[in-house]
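Undergrad: Below is the file query38.cif, with mmCIF, C-alpha atoms.
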data_input
loop_
_atom_site.label_atom_id
_atom_site.label_comp_id
_atom_site.auth_asym_id
_atom_site.auth_seq_id
_atom_site.Cartn_x
_atom_site.Cartn_y
_atom_site.Cartn_z
CA MET S 150 -25.53 -17.04 14.65
CA MET S 151 -25.27 -20.10 12.48
CA LEU S 152 -28.53 -21.65 11.32
CA GLY S 153 -30.33 -20.47 14.43
CA ALA S 154 -27.59 -21.57 16.85
CA GLU S 155 -25.85 -18.76 18.73
CA THR S 156 -22.13 -19.38 18.68
CA GLU S 157 -19.07 -17.72 20.14
CA LEU S 158 -15.43 -17.82 19.15
CA LEU S 159 -13.32 -20.01 21.38
CA GLN S 160 -9.98 -18.42 22.21
CA GLU S 161 -8.35 -21.39 23.93
CA PRO S 162 -9.53 -24.54 22.18
CA GLY S 163 -8.90 -28.00 23.55
CA THR S 164 -9.76 -31.13 21.62
CA MET S 165 -12.70 -31.91 19.43
CA SER S 166 -14.08 -35.17 18.08
CA VAL S 167 -15.35 -34.45 14.62
CA ALA S 168 -18.44 -36.32 13.46
CA LEU S 169 -18.94 -34.62 10.11
CA GLN S 170 -17.13 -32.17 7.95
CA SER S 171 -17.96 -30.33 4.76
CA THR S 172 -15.49 -28.57 2.48
CA ILE S 173 -15.78 -25.98 -0.26
CA THR S 174 -12.69 -24.74 -2.06
CA ILE S 175 -12.63 -21.11 -3.15
CA GLU S 176 -10.19 -19.82 -5.72
CA LEU S 177 -9.35 -16.14 -5.29
CA ASP S 178 -8.11 -14.11 -8.25
CA GLU S 179 -6.62 -17.31 -9.68
CA ARG S 180 -3.79 -16.85 -7.17
CA VAL S 181 -4.74 -18.79 -4.07
CA ALA S 182 -7.14 -21.57 -3.22
CA VAL S 183 -8.76 -21.64 0.19
CA ALA S 184 -10.28 -24.92 1.33
CA ALA S 185 -12.94 -23.89 3.84
CA THR S 186 -14.06 -26.77 5.99
CA VAL S 187 -16.71 -26.77 8.68
CA HIS S 188 -16.07 -29.47 11.28
CA VAL S 189 -18.90 -30.32 13.63
CA THR S 190 -19.43 -32.57 16.57
CA GLU S 191 -22.49 -34.74 16.57
CA ALA S 192 -23.89 -32.70 19.46
CA PHE S 193 -23.51 -29.46 17.56
CA VAL S 194 -25.18 -30.63 14.36
CA ASP S 195 -27.96 -32.33 16.29
CA GLU S 196 -28.66 -29.15 18.25
CA VAL S 197 -28.76 -27.08 15.08
CA ASN S 198 -31.08 -29.59 13.47
CA GLY S 199 -33.21 -29.63 16.58
CA ILE S 200 -33.66 -25.87 16.26
CA LEU S 201 -34.29 -26.01 12.52
CA LEU S 202 -36.37 -29.16 12.23
CA GLY S 203 -37.77 -29.66 15.69
CA HIS S 204 -36.97 -33.36 15.79
CA ASP S 205 -34.02 -35.77 16.00
CA SER S 206 -31.92 -35.68 12.89
CA THR S 207 -31.31 -38.43 10.43
CA ASP S 208 -27.87 -39.03 8.91
CA ALA S 209 -29.00 -37.35 5.70
CA GLU S 210 -30.16 -34.29 7.60
CA ARG S 211 -26.85 -34.09 9.44
CA LEU S 212 -24.99 -34.16 6.13
CA ALA S 213 -27.29 -31.56 4.62
CA THR S 214 -26.96 -29.22 7.58
CA THR S 215 -23.16 -29.47 7.64
CA ALA S 216 -23.03 -28.74 3.91
CA GLU S 217 -25.38 -25.79 4.40
CA MET S 218 -23.14 -24.43 7.14
CA VAL S 219 -20.05 -24.41 4.94
CA SER S 220 -22.08 -22.97 2.07
CA ARG S 221 -23.12 -20.06 4.26
CA VAL S 222 -19.57 -19.45 5.42
CA VAL S 223 -18.30 -19.47 1.85
CA ARG S 224 -21.04 -17.12 0.67
CA ARG S 225 -19.90 -14.61 3.27
CA LEU S 226 -16.23 -15.08 2.44
CA ARG S 227 -16.92 -14.61 -1.24
CA ALA S 228 -18.94 -11.49 -0.47
CA HIS S 229 -15.96 -10.18 1.53
CA ALA S 230 -13.64 -10.97 -1.39
CA SER S 231 -15.97 -9.29 -3.85
CA GLU S 232 -16.26 -6.17 -1.68
CA ASN S 233 -12.48 -5.94 -1.83
CA GLY S 234 -12.28 -6.31 -5.60
CA CYS S 235 -11.22 -9.95 -5.56
CA GLN S 236 -12.71 -12.45 -8.04
CA SER S 237 -13.69 -15.84 -6.68
CA VAL S 238 -14.99 -19.16 -7.88
CA CYS S 239 -15.82 -22.15 -5.72
CA THR S 240 -16.59 -25.84 -5.76
CA LEU S 241 -19.70 -27.59 -4.50
CA PRO S 242 -19.57 -28.77 -0.89
CA ALA S 243 -17.96 -32.16 -0.31
CA THR S 244 -19.32 -33.61 2.91
CA ILE S 245 -18.10 -36.66 4.78
CA THR S 246 -19.01 -38.41 8.00
CA HIS S 247 -16.41 -39.94 10.23
CA GLY S 248 -17.62 -43.41 11.16
CA THR S 249 -15.45 -43.36 14.20
CA PHE S 250 -15.05 -39.84 15.56
CA GLN S 251 -11.90 -38.15 14.45
CA LEU S 252 -9.86 -35.69 16.44
CA LEU S 253 -9.61 -32.31 14.77
CA GLU S 254 -6.13 -31.77 13.42
CA ALA S 255 -4.22 -28.54 13.77
CA VAL S 256 -3.57 -26.34 10.74
CA GLY S 257 -0.02 -25.06 10.28
CA GLU S 258 0.43 -21.32 10.81
CA ASP S 259 1.96 -20.88 7.37
CA CYS S 260 -0.77 -22.67 5.48
CA GLY S 261 -3.99 -21.60 7.10
CA PHE S 262 -6.19 -20.93 10.09
CA LEU S 263 -8.30 -23.00 12.43
CA LEU S 264 -11.09 -21.23 14.27
CA TRP S 265 -13.05 -22.89 17.04
CA PHE S 266 -16.60 -22.02 17.96
CA ARG S 267 -19.08 -23.31 20.49
CA ARG S 268 -22.77 -22.89 21.15
CA ARG S 269 -23.35 -20.38 23.89
CA GLU S 270 -25.89 -22.53 25.73
CA SER S 271 -24.70 -26.12 25.41
CA LYS S 272 -21.00 -25.52 24.68
CA ALA S 273 -21.23 -27.94 21.76
CA LEU S 274 -18.26 -27.44 19.45
CA CYS S 275 -17.72 -26.73 15.79
CA ALA S 276 -14.68 -25.45 13.93
CA LEU S 277 -13.82 -23.74 10.71
CA SER S 278 -10.52 -24.49 9.01
CA LEU S 279 -9.16 -22.48 6.11
CA VAL S 280 -6.27 -24.14 4.34
CA VAL S 281 -4.58 -21.90 1.80
CA THR S 282 -2.51 -23.02 -1.18
CA LEU S 283 -0.85 -21.01 -3.91
CA LEU S 284 -2.30 -21.89 -7.29
CA ASP S 285 0.85 -21.24 -9.27
CA GLU S 286 2.69 -23.71 -7.08
CA GLY S 287 0.17 -26.36 -8.08
CA MET Q 239 14.75 21.31 -9.71
CA ASN Q 240 13.04 19.25 -12.37
CA VAL Q 241 10.98 21.33 -14.76
CA LEU Q 242 8.60 20.35 -17.53
CA ILE Q 243 8.08 22.82 -20.36
CA CYS Q 244 4.85 22.25 -22.23
CA ASP Q 245 4.49 24.39 -25.34
CA ASP Q 246 3.61 23.46 -28.91
CA ASP Q 247 6.07 26.07 -30.19
CA ALA Q 248 9.50 24.48 -30.48
CA SER Q 249 11.36 27.81 -30.53
CA THR Q 250 9.77 28.88 -27.23
CA ARG Q 251 10.73 25.54 -25.68
CA PHE Q 252 14.28 25.98 -26.95
CA VAL Q 253 14.62 29.46 -25.48
CA LEU Q 254 13.10 28.44 -22.14
CA ARG Q 255 15.28 25.35 -21.91
CA ARG Q 256 18.42 27.43 -22.39
CA ILE Q 257 17.38 29.96 -19.77
CA LEU Q 258 16.42 27.38 -17.17
CA ALA Q 259 19.36 25.09 -17.74
CA GLN Q 260 22.07 27.71 -18.16
CA ASN Q 261 20.91 30.54 -15.88
CA LEU Q 262 19.28 28.52 -13.14
CA GLY Q 263 20.91 25.10 -13.52
CA TRP Q 264 17.58 23.27 -13.56
CA ASN Q 265 16.84 19.94 -15.24
CA VAL Q 266 14.46 20.46 -18.12
CA VAL Q 267 12.17 18.11 -20.00
CA GLU Q 268 10.14 19.29 -23.00
CA SER Q 269 6.68 18.39 -24.13
CA GLY Q 270 4.96 19.55 -27.33
CA ASP Q 271 1.33 19.14 -26.27
CA GLY Q 272 -0.96 18.76 -23.28
CA VAL Q 273 -1.59 15.06 -23.70
CA ASP Q 274 2.11 14.26 -23.67
CA ALA Q 275 2.67 16.65 -20.76
CA LEU Q 276 0.11 14.82 -18.61
CA ALA Q 277 1.73 11.51 -19.52
CA GLN Q 278 5.15 12.86 -18.51
CA LEU Q 279 3.76 14.25 -15.26
CA SER Q 280 2.23 10.91 -14.37
CA ARG Q 281 5.50 9.10 -14.98
CA ARG Q 282 8.06 11.43 -13.44
CA ARG Q 283 8.37 13.82 -10.58
CA PHE Q 284 8.52 17.48 -11.59
CA ASP Q 285 8.91 20.47 -9.32
CA LEU Q 286 7.49 23.00 -11.77
CA LEU Q 287 5.43 23.06 -14.97
CA LEU Q 288 5.78 25.87 -17.50
CA LEU Q 289 2.57 25.72 -19.47
CA ASP Q 290 1.43 27.33 -22.71
CA LEU Q 291 -2.29 28.05 -23.00
CA GLU Q 292 -2.95 27.77 -26.72
CA MET Q 293 -2.15 24.23 -27.77
CA PRO Q 294 -3.86 21.72 -30.06
CA ALA Q 295 -5.57 18.59 -28.70
CA LEU Q 296 -5.55 19.67 -25.06
CA SER Q 297 -5.27 23.35 -24.15
CA GLY Q 298 -3.25 24.68 -21.24
CA PHE Q 299 -6.50 25.42 -19.41
CA GLU Q 300 -7.56 21.81 -19.74
CA VAL Q 301 -4.18 20.55 -18.54
CA LEU Q 302 -4.45 22.87 -15.56
CA GLU Q 303 -7.95 21.63 -14.72
CA VAL Q 304 -6.81 18.02 -14.87
CA LEU Q 305 -3.87 18.76 -12.58
CA ARG Q 306 -5.96 20.59 -10.00
CA GLU Q 307 -8.37 17.66 -9.84
CA SER Q 308 -5.55 15.15 -9.51
CA GLU Q 309 -4.78 13.99 -5.99
CA SER Q 310 -1.07 13.49 -6.60
CA LEU Q 311 -0.44 16.50 -8.87
CA ARG Q 312 -2.80 19.07 -7.40
CA GLU Q 313 0.02 20.95 -5.69
CA ILE Q 314 2.50 21.18 -8.55
CA PRO Q 315 3.42 24.83 -9.18
CA VAL Q 316 2.41 25.96 -12.67
CA VAL Q 317 3.72 29.02 -14.44
CA ILE Q 318 1.78 30.06 -17.54
CA VAL Q 319 3.77 31.10 -20.60
CA SER Q 320 1.43 32.80 -23.04
CA GLN Q 321 0.74 35.88 -25.12
CA GLU Q 322 -2.78 36.00 -23.71
CA ARG Q 323 -3.41 39.39 -22.07
CA ARG Q 324 -7.19 39.50 -21.59
CA PRO Q 325 -8.13 40.26 -17.95
CA GLU Q 326 -10.87 37.62 -17.84
CA VAL Q 327 -8.35 34.98 -18.82
CA ILE Q 328 -5.89 36.14 -16.19
CA MET Q 329 -8.72 36.01 -13.61
CA ARG Q 330 -9.59 32.47 -14.64
CA LEU Q 331 -5.97 31.45 -14.19
CA ARG Q 332 -5.83 33.03 -10.75
CA GLU Q 333 -8.73 30.84 -9.74
CA GLN Q 334 -6.58 27.85 -10.70
CA HIS Q 335 -3.82 29.12 -8.38
CA VAL Q 336 -1.07 29.47 -10.95
CA ALA Q 337 2.31 30.36 -9.47
CA GLY Q 338 3.18 32.93 -12.12
CA TYR Q 339 2.56 34.29 -15.57
CA LEU Q 340 5.24 34.90 -18.22
CA LEU Q 341 4.20 36.94 -21.22
CA LYS Q 342 5.48 36.04 -24.66
CA PRO Q 343 7.74 37.02 -26.29
CA ILE Q 344 10.19 35.63 -23.79
CA HIS Q 345 13.03 37.78 -22.44
CA ALA Q 346 15.80 35.70 -20.93
CA GLU Q 347 16.67 37.90 -17.95
CA GLN Q 348 13.05 38.53 -17.01
CA VAL Q 349 12.25 34.84 -17.09
CA ALA Q 350 15.24 33.86 -14.97
CA ASP Q 351 14.48 36.57 -12.41
CA ARG Q 352 10.78 35.80 -12.24
CA LEU Q 353 11.31 32.08 -11.81
CA ALA Q 354 14.13 32.51 -9.31
CA ASN Q 355 11.85 34.83 -7.29
CA LEU Q 356 9.20 32.14 -7.03
CA ARG Q 357 11.47 30.45 -4.45
CA LEU Q 358 10.30 27.04 -5.48
CA LYS Q 359 11.35 24.04 -3.45
CA PRO Q 360 11.76 20.56 -4.87
CA ARG Q 361 8.54 18.68 -4.12
CA VAL Q 362 8.60 15.70 -1.83
CA HIS Q 363 7.60 12.76 -3.95
CA THR Q 364 5.35 10.41 -2.09
CA GLY Q 365 4.27 8.54 -5.19
CA PRO Q 366 1.14 6.49 -5.45
CA ARG Q 367 0.50 4.88 -2.09
CA GLY Q 368 -0.12 1.48 -3.63
CA ASP Q 369 3.30 1.44 -5.25
CA ILE Q 370 5.09 2.33 -2.03
CA SER Q 371 3.31 -0.26 0.07
CA ASN Q 372 4.31 -2.95 -2.39
CA LEU Q 373 7.98 -2.27 -1.74
CA HIS Q 374 9.44 -4.80 0.64
CA LEU Q 375 12.65 -6.28 1.86
CA SER Q 376 13.26 -9.76 0.46
CA ARG Q 377 16.13 -12.15 -0.21
CA GLY Q 378 16.73 -10.48 -3.54
CA ALA Q 379 15.90 -6.91 -2.53
CA PRO Q 380 18.16 -5.47 0.16
CA SER Q 381 17.33 -2.47 2.28
CA ILE Q 382 19.39 0.21 4.01
CA LEU Q 383 19.34 1.03 7.71
CA VAL Q 384 20.83 4.29 8.91
CA ASP Q 385 21.37 4.70 12.63
CA GLY Q 386 24.18 6.24 14.63
CA ASN Q 387 23.71 3.83 17.53
CA LEU Q 388 26.01 0.83 17.14
CA ASP Q 389 24.01 -1.39 19.50
CA TYR Q 390 20.79 -0.75 17.63
CA ARG Q 391 22.47 -1.30 14.26
CA GLN Q 392 23.80 -4.65 15.40
CA PHE Q 393 20.45 -5.66 16.86
CA PHE Q 394 18.59 -4.57 13.71
CA LEU Q 395 21.02 -6.44 11.51
CA ALA Q 396 20.79 -9.64 13.52
CA GLU Q 397 16.99 -9.63 13.48
CA ALA Q 398 16.30 -8.22 10.03
CA GLU Q 399 18.78 -10.30 8.08
CA ARG Q 400 16.64 -13.37 8.73
CA PHE Q 401 14.30 -11.88 6.12
CA GLY Q 402 16.75 -10.36 3.67
CA PRO Q 403 20.04 -8.50 3.31
CA VAL Q 404 20.41 -5.15 5.06
CA ARG Q 405 23.13 -2.59 4.39
CA VAL Q 406 23.92 -0.35 7.32
CA ALA Q 407 25.05 3.26 7.44
CA GLU Q 408 26.27 5.20 10.45
CA SER Q 409 25.05 8.56 9.18
CA ALA Q 410 22.43 10.02 6.86
CA ALA Q 411 25.14 11.27 4.50
CA SER Q 412 26.63 7.81 4.26
CA ALA Q 413 23.19 6.28 3.64
CA VAL Q 414 22.43 8.73 0.85
CA ALA Q 415 25.81 7.98 -0.72
CA GLN Q 416 25.10 4.25 -0.51
CA PHE Q 417 21.67 4.77 -2.00
CA ARG Q 418 23.07 6.79 -4.89
CA LYS Q 419 25.59 4.06 -5.59
CA SER Q 420 23.08 1.27 -5.40
CA PRO Q 421 19.40 2.17 -4.82
CA VAL Q 422 17.16 -0.03 -2.70
CA ASP Q 423 13.38 -0.29 -2.32
CA VAL Q 424 13.23 0.33 1.44
CA VAL Q 425 15.28 2.65 3.65
CA PHE Q 426 14.96 2.55 7.44
CA ILE Q 427 15.84 5.78 9.21
CA GLY Q 428 16.79 5.58 12.87
CA THR Q 429 18.38 8.13 15.20
CA GLN Q 430 21.69 9.97 15.57
CA LEU Q 431 21.96 10.59 11.84
CA GLY Q 432 24.85 13.06 12.02
CA VAL Q 433 24.79 16.51 10.46
CA MET Q 434 22.14 15.76 7.83
CA ASN Q 435 18.63 15.75 9.27
CA VAL Q 436 15.73 13.44 8.37
CA GLU Q 437 13.96 15.95 6.14
CA THR Q 438 17.06 16.60 4.06
CA MET Q 439 17.87 12.93 3.90
CA VAL Q 440 14.37 12.02 2.68
CA ARG Q 441 14.53 14.74 0.07
CA LYS Q 442 17.93 13.60 -1.15
CA LEU Q 443 16.77 9.99 -1.31
CA ARG Q 444 13.75 11.02 -3.41
CA GLU Q 445 15.94 13.09 -5.69
CA ALA Q 446 18.40 10.28 -6.12
CA ALA Q 447 15.59 7.79 -6.73
CA GLY Q 448 14.12 9.91 -9.55
CA ASP Q 449 11.28 7.92 -11.10
CA ARG Q 450 11.95 4.89 -8.96
CA PRO Q 451 9.69 4.67 -5.91
CA VAL Q 452 11.42 4.24 -2.57
CA ARG Q 453 9.75 3.39 0.73
CA VAL Q 454 11.18 5.44 3.55
CA VAL Q 455 10.46 4.03 7.00
CA CYS Q 456 11.20 6.09 10.07
CA ILE Q 457 12.00 4.18 13.27
CA VAL Q 458 10.19 6.08 16.01
CA ASN Q 459 9.95 6.04 19.79
CA ASP Q 460 6.47 7.47 20.31
CA ALA Q 461 3.30 8.81 18.72
CA LYS Q 462 4.67 12.34 18.52
CA ALA Q 463 7.69 11.15 16.56
CA LYS Q 464 5.35 9.20 14.31
CA GLU Q 465 3.47 12.38 13.39
CA GLU Q 466 6.73 14.22 12.89
CA ALA Q 467 7.98 11.47 10.56
CA ALA Q 468 4.94 11.87 8.33
CA ARG Q 469 5.50 15.62 8.24
CA LEU Q 470 9.12 15.09 7.20
CA GLY Q 471 8.05 12.99 4.22
CA CYS Q 472 8.52 9.44 5.50
CA ASP Q 473 6.12 6.86 4.08
CA ASP Q 474 5.87 4.62 7.13
CA THR Q 475 7.02 4.25 10.69
CA MET Q 476 7.99 1.32 12.85
CA ALA Q 477 8.40 1.27 16.61
CA ARG Q 478 11.95 1.41 17.94
CA THR Q 479 12.47 -1.59 20.15
CA MET Q 480 15.19 -4.03 21.07
CA VAL Q 481 12.75 -6.74 22.09
CA PRO Q 482 13.12 -9.36 19.33
CA SER Q 483 9.47 -10.49 19.25
CA VAL Q 484 8.16 -6.92 19.10
CA PHE Q 485 10.74 -6.01 16.47
CA THR Q 486 9.75 -8.97 14.33
CA SER Q 487 6.06 -8.17 14.42
CA GLU Q 488 6.82 -4.55 13.48
CA PHE Q 489 9.37 -5.45 10.86
CA ARG Q 490 7.25 -8.08 9.11
CA ARG Q 491 5.18 -5.27 7.57
CA PHE Q 492 8.18 -4.39 5.45
CA VAL Q 493 9.11 -7.92 4.48
CA LYS Q 494 7.88 -9.39 1.23
CA PRO Q 495 5.21 -11.90 2.14
CA SER Q 496 6.01 -15.49 1.34
CA GLY Q 497 3.90 -18.57 1.72
CA PRO Q 498 0.21 -19.00 0.96
CA VAL Q 499 -1.20 -17.38 4.09
CA ALA Q 500 1.00 -14.32 3.61
CA VAL Q 501 -0.16 -13.99 0.02
CA LEU Q 502 -3.79 -14.30 1.11
CA GLN Q 503 -3.26 -11.70 3.83
CA GLN Q 504 -1.73 -9.37 1.30
CA MET Q 505 -4.68 -9.84 -1.05
CA LEU Q 506 -7.39 -9.72 1.64
CA PRO Q 507 -6.00 -8.50 4.98
CA GLU Q 508 -9.34 -8.94 6.75
CA PHE Q 509 -10.07 -12.44 5.42
CA LYS Q 510 -9.51 -14.14 8.75
CA ASN Q 511 -11.80 -11.68 10.52
CA ALA Q 512 -14.40 -12.20 7.82
CA ALA Q 513 -14.12 -15.94 8.49
CA MET Q 514 -14.61 -15.36 12.22
CA ARG Q 515 -17.70 -13.28 11.54
CA SER Q 516 -19.03 -15.85 9.08
CA ILE Q 517 -19.88 -18.24 11.89
CA ASP Q 518 -20.08 -16.10 14.99
#
Here is the file; what I need is its structure written in the form of structure tokens.

TA:
Amino acid sequence: MMLGAETELLQEPGTMSVALQSTITIELDERVAVAATVHVTEAFVDEVNGILLGHDSTDAERLATTAEMVSRVVRRLRAHASENGCQSVCTLPATITHGTFQLLEAVGEDCGFLLWFRRRESKALCALSLVVTLLDEG
Amino acid sequence: MNVLICDDDASTRFVLRRILAQNLGWNVVESGDGVDALAQLSRRRFDLLLLDLEMPALSGFEVLEVLRESESLREIPVVIVSQERRPEVIMRLREQHVAGYLLKPIHAEQVADRLANLRLKPRVHTGPRGDISNLHLSRGAPSILVDGNLDYRQFFLAEAERFGPVRVAESAASAVAQFRKSPVDVVFIGTQLGVMNVETMVRKLREAAGDRPVRVVCIVNDAKAKEEAARLGCDDTMARTMVPSVFTSEFRRFVKPSGPVAVLQQMLPEFKNAAMRSID
């Protein structure tokens, strides 16, 4: 459940045109940085906003909702890190809109994960990418 | 047998050392007080502790209590060496499951006989789990494979050497000899080991390793063999297979992680699952 929208993990993703994305970078134990990015289609963010606000969303509301989504994800990831004795610090969300829709790019196996989700009812897509870098490698 | 003598009286330590080293051929380390004894026990593997009761700073009773509450040292056999004869004290020691009681003054023949009669066996050193699981094969840290099957050795070598150097041995005896000559962090034990069995091999590896931790991985065919491997003192198991993809996924657990994702997975193995749950 993400902001009132029931989602499910998509095992065999296809393609996705990203309308907005929001990124927060988490540093874990000063060893690795994980850039967590929520990528949403316009349909997905509009449906979430429809549930939350009950009306068509404005651009500002789309941005705010996408940022809130990544904030929630990062809160949970930081809680997981903390439960496992790992210190974490994170940035504020950086949110961008793609004027022309952008195809979601793959994340290399050695540098991160890309997880696809869709709304159970409408099948609208969103994705979460986690791109990991080693801090001591700059 | 590695024995620690803990007594604040230097002359008692001297006498005991001579008896144990000369009569029984045991390796002896001395400690003058309880605090130092606990430090020694945490650093090295000992098969027996000879413990005085009356000592400054930390008494023998206190040392014993600490040991019995310690997960890794709970089972170490302790023989009390004391002039204490009061029944209530003896009863208290029985409750702490001491292996024997030697009354002072020490008589060489009695001590040797009593200790020899304990029929102590060298303890299998498993070491702190965390230390063992941090031992991996890497480019700079070779491992040893022992297996009597030539085909499997060749397969293992071809697959494993992508991750780091592997030295092979045809028999357990040869592997132990190699290990003594040049110790490694990880030893893989396969099948057809020759005359020396797995249990003896593991024990000899631990003895040769001394203070150095070594990760012993048994290559097993089924769940029953996996249980047996744990009983024989192996730290880990991996499935025996000659399917390259299955081998690689099994073997990766013993390869030093490299790359950012591997480091993250080592730090937080469930991070990806946590990410899945964070949206779903």

Undergrad: Once the PyMOL selection byres ((chain S and resi 233) around 12) is applied to the coordinates I shared, what remains selected? I want it as a list in words.

TA: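 Selected by the PyMOL selection byres ((chain S and resi 233) around 12) here: Leu177, Asp178, Leu226, Arg227, Ala228, His229, Ala230, Ser231, Glu232, Gly234, Cys235, Gln236 and Ser237 of chain S; Gln504, Met505, Leu506, Pro507, Glu508, Phe509 and Ala512 of chain Q.
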
Undergrad: Counting all atoms listed in the file, which residues of chain Q come no farther than 6 Å from chain S, as JSON, numbers by chain?

TA: {"Q": [498, 499, 516, 517, 518]}

Undergrad: Could you take the residues named above and write them with C-alpha atoms, as an mmCIF file, in the frame of the given file?

TA:
data_model
loop_
_atom_site.group_PDB
_atom_site.id
_atom_site.type_symbol
_atom_site.label_atom_id
_atom_site.label_comp_id
_atom_site.auth_asym_id
_atom_site.auth_seq_id
_atom_site.Cartn_x
_atom_site.Cartn_y
_atom_site.Cartn_z
ATOM 1 C CA PRO Q 498 0.210 -19.000 0.960
ATOM 2 C CA VAL Q 499 -1.200 -17.380 4.090
ATOM 3 C CA SER Q 516 -19.030 -15.850 9.080
ATOM 4 C CA ILE Q 517 -19.880 -18.240 11.890
ATOM 5 C CA ASP Q 518 -20.080 -16.100 14.990
#

Undergrad: Considering all atoms listed in the file, can you say which of Q:Glu313, Q:Asp274, Q:Glu408, Q:Glu292 comes closest to Thr429 in chain Q?

TA: Q:Glu408

Undergrad: Applying 9 Å and all atoms listed in the file, which residues near Glu322 in chain Q remain after dropping the ones on its own chain fewer than 6 positions away? List them as a PyMOL selection string.

TA: chain Q and resi 291-292+328+341-342

Undergrad: Please provide as a ChimeraX atom specification all residues within 12 Å of range 207-211 of chain S, with the sequence filter that same-chain residues fewer than 3 positions apart are discarded (counting only C-alpha atoms).

TA: /S:168-171,188-199,201-202,204,214-218,244-248

Undergrad: Based on the selection just made, write C-alpha atoms of those residues as a PDB file, keeping the file's coordinate frame.

TA:
ATOM      1  CA  ALA S 168     -18.440 -36.320  13.460  1.00  0.00           C
ATOM      2  CA  LEU S 169     -18.940 -34.620  10.110  1.00  0.00           C
ATOM      3  CA  GLN S 170     -17.130 -32.170   7.950  1.00  0.00           C
ATOM      4  CA  SER S 171     -17.960 -30.330   4.760  1.00  0.00           C
ATOM      5  CA  HIS S 188     -16.070 -29.470  11.280  1.00  0.00           C
ATOM      6  CA  VAL S 189     -18.900 -30.320  13.630  1.00  0.00           C
ATOM      7  CA  THR S 190     -19.430 -32.570  16.570  1.00  0.00           C
ATOM      8  CA  GLU S 191     -22.490 -34.740  16.570  1.00  0.00           C
ATOM      9  CA  ALA S 192     -23.890 -32.700  19.460  1.00  0.00           C
ATOM     10  CA  PHE S 193     -23.510 -29.460  17.560  1.00  0.00           C
ATOM     11  CA  VAL S 194     -25.180 -30.630  14.360  1.00  0.00           C
ATOM     12  CA  ASP S 195     -27.960 -32.330  16.290  1.00  0.00           C
ATOM     13  CA  GLU S 196     -28.660 -29.150  18.250  1.00  0.00           C
ATOM     14  CA  VAL S 197     -28.760 -27.080  15.080  1.00  0.00           C
ATOM     15  CA  ASN S 198     -31.080 -29.590  13.470  1.00  0.00           C
ATOM     16  CA  GLY S 199     -33.210 -29.630  16.580  1.00  0.00           C
ATOM     17  CA  LEU S 201     -34.290 -26.010  12.520  1.00  0.00           C
ATOM     18  CA  LEU S 202     -36.370 -29.160  12.230  1.00  0.00           C
ATOM     19  CA  HIS S 204     -36.970 -33.360  15.790  1.00  0.00           C
ATOM     20  CA  THR S 214     -26.960 -29.220   7.580  1.00  0.00           C
ATOM     21  CA  THR S 215     -23.160 -29.470   7.640  1.00  0.00           C
ATOM     22  CA  ALA S 216     -23.030 -28.740   3.910  1.00  0.00           C
ATOM     23  CA  GLU S 217     -25.380 -25.790   4.400  1.00  0.00           C
ATOM     24  CA  MET S 218     -23.140 -24.430   7.140  1.00  0.00           C
ATOM     25  CA  THR S 244     -19.320 -33.610   2.910  1.00  0.00           C
ATOM     26  CA  ILE S 245     -18.100 -36.660   4.780  1.00  0.00           C
ATOM     27  CA  THR S 246     -19.010 -38.410   8.000  1.00  0.00           C
ATOM     28  CA  HIS S 247     -16.410 -39.940  10.230  1.00  0.00           C
ATOM     29  CA  GLY S 248     -17.620 -43.410  11.160  1.00  0.00           C
TER      30      GLY S 248
END

Undergrad: Which residues would end up in the selection if the PyMOL selection byres ((chain Q and resi 420) around 12) were applied here, given that I need the answer as a ChimeraX atom specification?

TA: /Q:379-382,405,413-419,421-423,443,446-447

Undergrad: Can you tell me how far CA of Ala396 in chain Q sits from CA of Arg478 in chain Q, in Å to one decimal?

TA: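 These two atoms are separated by 14.8 Å.
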
Undergrad: Leaving out Gly402 in chain Q and any residue of its chain fewer than 2 positions from it, which residues lie within 6 Å of it when counting all atoms listed in the file, given as a ChimeraX atom specification?

TA: /Q:376-377,399-400

Undergrad: Go ahead and save the picked residues with C-alpha atoms, as a PDB file, in the coordinates of the input.

TA:
ATOM      1  CA  SER Q 376      13.260  -9.760   0.460  1.00  0.00           C
ATOM      2  CA  ARG Q 377      16.130 -12.150  -0.210  1.00  0.00           C
ATOM      3  CA  GLU Q 399      18.780 -10.300   8.080  1.00  0.00           C
ATOM      4  CA  ARG Q 400      16.640 -13.370   8.730  1.00  0.00           C
TER       5      ARG Q 400
END

Undergrad: What does the structure give for the distance between CA of Ile427 in chain Q and CA of Lys464 in chain Q, in Å to one decimal?

TA: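 That distance, rounded to one decimal, is 12.2 Å.
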
Undergrad: At what distance in Å, to one decimal, does CA of Ile318 in chain Q lie from CA of Leu289 in chain Q?

TA: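 About the pair CA of Leu289 in chain Q and CA of Ile318 in chain Q: they are 4.8 Å apart.
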
Undergrad: Would you kindly translate the PyMOL selection byres ((chain Q and resi 356) around 12) into the concrete residues it picks from this file, as a compact mmCIF listing (two decimals) with C-alpha atoms, in the coordinates of the input?

TA:
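Below is the file that was written, out01.txt:
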# COMPACT_ATOMS: atom_id res chain seq x y z
CA ASP Q 285 8.91 20.47 -9.32
CA LEU Q 286 7.49 23.00 -11.77
CA PRO Q 315 3.42 24.83 -9.18
CA VAL Q 316 2.41 25.96 -12.67
CA VAL Q 317 3.72 29.02 -14.44
CA VAL Q 336 -1.07 29.47 -10.95
CA ALA Q 337 2.31 30.36 -9.47
CA GLY Q 338 3.18 32.93 -12.12
CA TYR Q 339 2.56 34.29 -15.57
CA VAL Q 349 12.25 34.84 -17.09
CA ALA Q 350 15.24 33.86 -14.97
CA ASP Q 351 14.48 36.57 -12.41
CA ARG Q 352 10.78 35.80 -12.24
CA LEU Q 353 11.31 32.08 -11.81
CA ALA Q 354 14.13 32.51 -9.31
CA ASN Q 355 11.85 34.83 -7.29
CA ARG Q 357 11.47 30.45 -4.45
CA LEU Q 358 10.30 27.04 -5.48
CA LYS Q 359 11.35 24.04 -3.45
